[in-house]
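So the structure is just underneath, and the comments pick up after that.
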Amino acid sequence: MNREGVASKVPAVTLGFWILKIAATTLGETGGDTLSMTWNLGYLMSTAIFLSALLVLAALQIAAKRFRPFLYWATIIASTTAGTTLADFADRSLGIGYPGGSLLLLACLLTALGVWYRAEGSISVNTVNTPGVEAFYWVTITFSQTLGTALGDWVADAGLGYLGGALVFGAALAIIAAAYFWTKVSHVTLFWAAFILTRPLGATVGDFFDKPIAQGGLAISRPLASAIIAAFIFVCIVVFPQRAGVHPRAALQKRDE
């Protein structure tokens, strides 16, 4: 069977996908902060731990013969927790601040997308069905998660607060959704824009859960918040239909049969 006849190794982009993505990014914020702040492991050590987990899970995901929902979402969670601590390390420990960290991470993301497009001719997630393309996918995902964390912290600390930041990013996602349905803007471009923006939305929601009341949060402990969100994700994976996306050429072949 050729590569175009194989289903994608990532899930179809549905409403359930976006609900799970936002929940996973929220868990990434609370989970990452649990290790780096609550348990005082620091940003560098926490990043090493989460990156190690990400490398193992990504290798298992790439080696899998077909789409496996729990493995896929575990890898997404690992990428978003690694993104949380990596962004905090870039923003704070390197001393370049939120603007510098965001610009650095944006450059890394655009480079990853550019190299992927140059090598494969497409950056559509529906083409993720070979080890090489999947490697590009997970590198890009990790940079997008990290950039999203930096953007979320930047907006929240700029004076809008966590709830205000969540409203800003939620509104931006609503605009992207409207563009998807009512404009001819590339759906691939809109997907990556939405994927990036769900990360700061999750980051601000996660901070809203665990930050002190005096700072505009709900003061729920990070480990407890992480456990609640993890349970929610588990239920969503079971409840929402989980199916692999279809390679665009495979979809055309099926339609013509």
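To be explicit about the labels: the chains of the structure tokens are called A, B, and onward in the order shown, and within each one the residues are counted from 1, while ligands get numbers from 1 in the order they are shown.
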
Practice problem: Excluding range 197-203 of chain A and any residue of its chain fewer than 3 positions from it, enumerate the residues within 9 Å of it, using only C-alpha atoms, and give them as an MDAnalysis selection string. | Solution: chainID A and resid 18 21:30 80 84 144:153 155 162 165:170 172:173 192:194 206:208

Quiz item: Quick one: of A:Pro241, A:Gly83, A:Gly101, A:Pro131, who's nearest to Leu60 in chain A, counting only C-alpha atoms?
Solution: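 Going through A:Pro241, A:Gly83, A:Gly101, A:Pro131 one by one, the smallest distance to Leu60 in chain A is for A:Pro131.
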
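Between CA of Phe232 in chain A and CA of Asp210 in chain A there is a distance of 16.7 Å.
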
Quiz item: When distances are computed from only C-alpha atoms, which of A:Tyr180, A:Tyr98, A:Tyr137, A:Trp116 shows the smallest separation from Val10 in chain A?
Solution: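 For Val10 in chain A, the nearest of the candidates is A:Tyr137.
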
Exercise. Enumerate as a PyMOL selection string all residues of range 55-147 of chain A assigned to alpha helix (DSSP H) by DSSP on the backbone, naming them with the chain letters and numbers the document uses.
Key: chain A and resi 55-63+69-88+97-120+131-147

Based on the selection just made, write C-alpha atoms of those residues as a compact mmCIF listing (two decimals), in the first residue's frame.
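Wrote result.txt, looks like this:
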# COMPACT_ATOMS: atom_id res chain seq x y z
CA LEU A 55 10.89 11.71 23.23
CA VAL A 56 9.82 8.29 24.50
CA LEU A 57 6.14 8.83 23.71
CA ALA A 58 6.85 10.39 20.31
CA ALA A 59 9.04 7.38 19.43
CA LEU A 60 6.22 5.01 20.44
CA GLN A 61 3.72 7.11 18.48
CA ILE A 62 5.88 7.05 15.35
CA ALA A 63 6.49 3.30 15.71
CA PRO A 69 -6.01 7.67 20.77
CA PHE A 70 -4.54 7.28 24.27
CA LEU A 71 -0.97 7.20 22.97
CA TYR A 72 -1.57 10.23 20.75
CA TRP A 73 -3.08 12.35 23.52
CA ALA A 74 -0.42 11.27 26.02
CA THR A 75 2.17 12.56 23.54
CA ILE A 76 0.26 15.82 23.13
CA ILE A 77 0.16 16.26 26.92
CA ALA A 78 3.91 15.57 27.12
CA SER A 79 4.54 18.19 24.44
CA THR A 80 2.43 20.79 26.18
CA THR A 81 3.97 20.20 29.63
CA ALA A 82 7.43 20.37 28.07
CA GLY A 83 6.32 23.52 26.27
CA THR A 84 5.23 25.09 29.55
CA THR A 85 8.54 24.62 31.35
CA LEU A 86 10.62 25.33 28.23
CA ALA A 87 8.81 28.62 27.63
CA ASP A 88 9.20 29.60 31.29
CA GLY A 97 11.40 38.36 28.88
CA TYR A 98 8.09 37.49 27.29
CA PRO A 99 8.57 39.52 24.07
CA GLY A 100 12.03 38.07 23.47
CA GLY A 101 10.93 34.55 24.33
CA SER A 102 7.88 34.80 22.09
CA LEU A 103 9.89 36.09 19.12
CA LEU A 104 12.54 33.39 19.58
CA LEU A 105 9.94 30.65 19.74
CA LEU A 106 8.02 32.10 16.77
CA ALA A 107 11.22 31.95 14.73
CA CYS A 108 11.73 28.31 15.75
CA LEU A 109 8.15 27.44 14.82
CA LEU A 110 8.29 29.15 11.41
CA THR A 111 11.61 27.44 10.70
CA ALA A 112 10.13 24.03 11.56
CA LEU A 113 7.12 24.66 9.32
CA GLY A 114 9.36 25.93 6.51
CA VAL A 115 11.69 22.92 6.63
CA TRP A 116 8.69 20.56 6.77
CA TYR A 117 7.06 22.22 3.75
CA ARG A 118 10.29 22.26 1.77
CA ALA A 119 10.90 18.57 2.45
CA GLU A 120 7.35 17.27 1.94
CA PRO A 131 7.78 8.34 10.12
CA GLY A 132 9.49 11.29 8.43
CA VAL A 133 6.37 13.43 8.25
CA GLU A 134 5.40 12.46 11.77
CA ALA A 135 8.81 13.57 13.07
CA PHE A 136 8.23 16.98 11.47
CA TYR A 137 4.76 17.02 13.02
CA TRP A 138 5.93 16.45 16.60
CA VAL A 139 8.79 18.95 16.36
CA THR A 140 6.35 21.56 15.06
CA ILE A 141 3.77 20.66 17.70
CA THR A 142 6.32 21.13 20.49
CA PHE A 143 7.42 24.54 19.20
CA SER A 144 3.78 25.63 18.82
CA GLN A 145 2.98 24.54 22.39
CA THR A 146 6.00 26.42 23.71
CA LEU A 147 5.17 29.58 21.76

Quiz item: Can you list, as a PyMOL selection string, every protein, DNA or RNA residue that comes within 12 Å of Ser221 in chain A when you count only C-alpha atoms, leaving out same-chain residues fewer than 5 positions away?
Solution: chain A and resi 30-31+33-34+37-39+206-213+226-228

Give me a file of those residues, with N, CA and C atoms, as a PDB file, in the first residue's frame.
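New file out_29.pdb:
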ATOM      1  N   THR A  30      -0.889  23.395  34.267  1.00  0.00           N
ATOM      2  CA  THR A  30      -0.915  23.025  35.686  1.00  0.00           C
ATOM      3  C   THR A  30       0.112  21.938  35.991  1.00  0.00           C
ATOM      4  N   GLY A  31       0.270  20.980  35.070  1.00  0.00           N
ATOM      5  CA  GLY A  31       1.243  19.910  35.291  1.00  0.00           C
ATOM      6  C   GLY A  31       2.671  20.415  35.250  1.00  0.00           C
ATOM      7  N   ASP A  33       3.715  23.495  35.847  1.00  0.00           N
ATOM      8  CA  ASP A  33       3.953  24.334  37.025  1.00  0.00           C
ATOM      9  C   ASP A  33       4.038  23.507  38.309  1.00  0.00           C
ATOM     10  N   THR A  34       3.376  22.341  38.334  1.00  0.00           N
ATOM     11  CA  THR A  34       3.464  21.471  39.513  1.00  0.00           C
ATOM     12  C   THR A  34       4.910  21.046  39.758  1.00  0.00           C
ATOM     13  N   MET A  37       7.348  24.603  39.957  1.00  0.00           N
ATOM     14  CA  MET A  37       7.093  25.554  41.044  1.00  0.00           C
ATOM     15  C   MET A  37       6.657  24.875  42.336  1.00  0.00           C
ATOM     16  N   THR A  38       5.573  24.083  42.277  1.00  0.00           N
ATOM     17  CA  THR A  38       5.054  23.471  43.503  1.00  0.00           C
ATOM     18  C   THR A  38       6.069  22.514  44.112  1.00  0.00           C
ATOM     19  N   TRP A  39       6.688  21.688  43.286  1.00  0.00           N
ATOM     20  CA  TRP A  39       7.680  20.724  43.781  1.00  0.00           C
ATOM     21  C   TRP A  39       9.100  21.259  43.698  1.00  0.00           C
ATOM     22  N   GLY A 206      -5.462  27.464  32.835  1.00  0.00           N
ATOM     23  CA  GLY A 206      -4.734  26.722  33.860  1.00  0.00           C
ATOM     24  C   GLY A 206      -4.259  27.627  34.981  1.00  0.00           C
ATOM     25  N   ASP A 207      -3.714  28.790  34.616  1.00  0.00           N
ATOM     26  CA  ASP A 207      -3.284  29.749  35.640  1.00  0.00           C
ATOM     27  C   ASP A 207      -4.471  30.271  36.436  1.00  0.00           C
ATOM     28  N   PHE A 208      -5.606  30.445  35.785  1.00  0.00           N
ATOM     29  CA  PHE A 208      -6.816  30.906  36.479  1.00  0.00           C
ATOM     30  C   PHE A 208      -7.224  29.910  37.569  1.00  0.00           C
ATOM     31  N   PHE A 209      -7.038  28.619  37.286  1.00  0.00           N
ATOM     32  CA  PHE A 209      -7.375  27.601  38.278  1.00  0.00           C
ATOM     33  C   PHE A 209      -6.457  27.664  39.499  1.00  0.00           C
ATOM     34  N   ASP A 210      -5.141  27.778  39.265  1.00  0.00           N
ATOM     35  CA  ASP A 210      -4.216  27.535  40.376  1.00  0.00           C
ATOM     36  C   ASP A 210      -3.561  28.769  40.994  1.00  0.00           C
ATOM     37  N   LYS A 211      -3.707  29.933  40.385  1.00  0.00           N
ATOM     38  CA  LYS A 211      -3.092  31.110  40.978  1.00  0.00           C
ATOM     39  C   LYS A 211      -3.886  31.594  42.198  1.00  0.00           C
ATOM     40  N   PRO A 212      -3.221  32.302  43.128  1.00  0.00           N
ATOM     41  CA  PRO A 212      -3.916  32.812  44.322  1.00  0.00           C
ATOM     42  C   PRO A 212      -5.073  33.737  43.957  1.00  0.00           C
ATOM     43  N   ILE A 213      -6.048  33.793  44.846  1.00  0.00           N
ATOM     44  CA  ILE A 213      -7.207  34.661  44.621  1.00  0.00           C
ATOM     45  C   ILE A 213      -6.774  36.114  44.472  1.00  0.00           C
ATOM     46  N   SER A 226      -4.510  19.440  38.204  1.00  0.00           N
ATOM     47  CA  SER A 226      -3.982  18.536  37.172  1.00  0.00           C
ATOM     48  C   SER A 226      -4.738  17.217  37.167  1.00  0.00           C
ATOM     49  N   ALA A 227      -5.026  16.685  38.365  1.00  0.00           N
ATOM     50  CA  ALA A 227      -5.751  15.410  38.452  1.00  0.00           C
ATOM     51  C   ALA A 227      -7.164  15.540  37.886  1.00  0.00           C
ATOM     52  N   ILE A 228      -7.822  16.647  38.183  1.00  0.00           N
ATOM     53  CA  ILE A 228      -9.187  16.868  37.681  1.00  0.00           C
ATOM     54  C   ILE A 228      -9.188  16.962  36.156  1.00  0.00           C
TER      55      ILE A 228
END

Distance query Ala177 in chain A at most 10 Å, only C-alpha atoms, self and fewer than 5 positions along chain excluded, as a compact mmCIF listing (two decimals) with N, CA and C atoms, in the first residue's frame:
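Result written to out_24.txt:
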# COMPACT_ATOMS: atom_id res chain seq x y z
N ALA A 171 -11.68 34.81 21.86
CA ALA A 171 -12.21 35.63 20.78
C ALA A 171 -11.42 35.42 19.49
N ALA A 172 -10.09 35.30 19.61
CA ALA A 172 -9.25 35.07 18.43
C ALA A 172 -9.59 33.73 17.77
N TRP A 182 -16.53 30.76 6.56
CA TRP A 182 -17.08 31.78 5.68
C TRP A 182 -16.07 32.51 4.80
N THR A 183 -14.83 32.05 4.79
CA THR A 183 -13.85 32.65 3.89
C THR A 183 -13.11 31.55 3.14
N LEU A 190 -5.25 28.10 8.78
CA LEU A 190 -6.16 28.32 9.90
C LEU A 190 -5.98 27.27 10.98
N PHE A 191 -5.72 26.02 10.57
CA PHE A 191 -5.50 24.96 11.56
C PHE A 191 -4.31 25.30 12.46
N ALA A 194 -5.05 28.16 14.80
CA ALA A 194 -5.89 27.72 15.91
C ALA A 194 -5.12 26.83 16.87
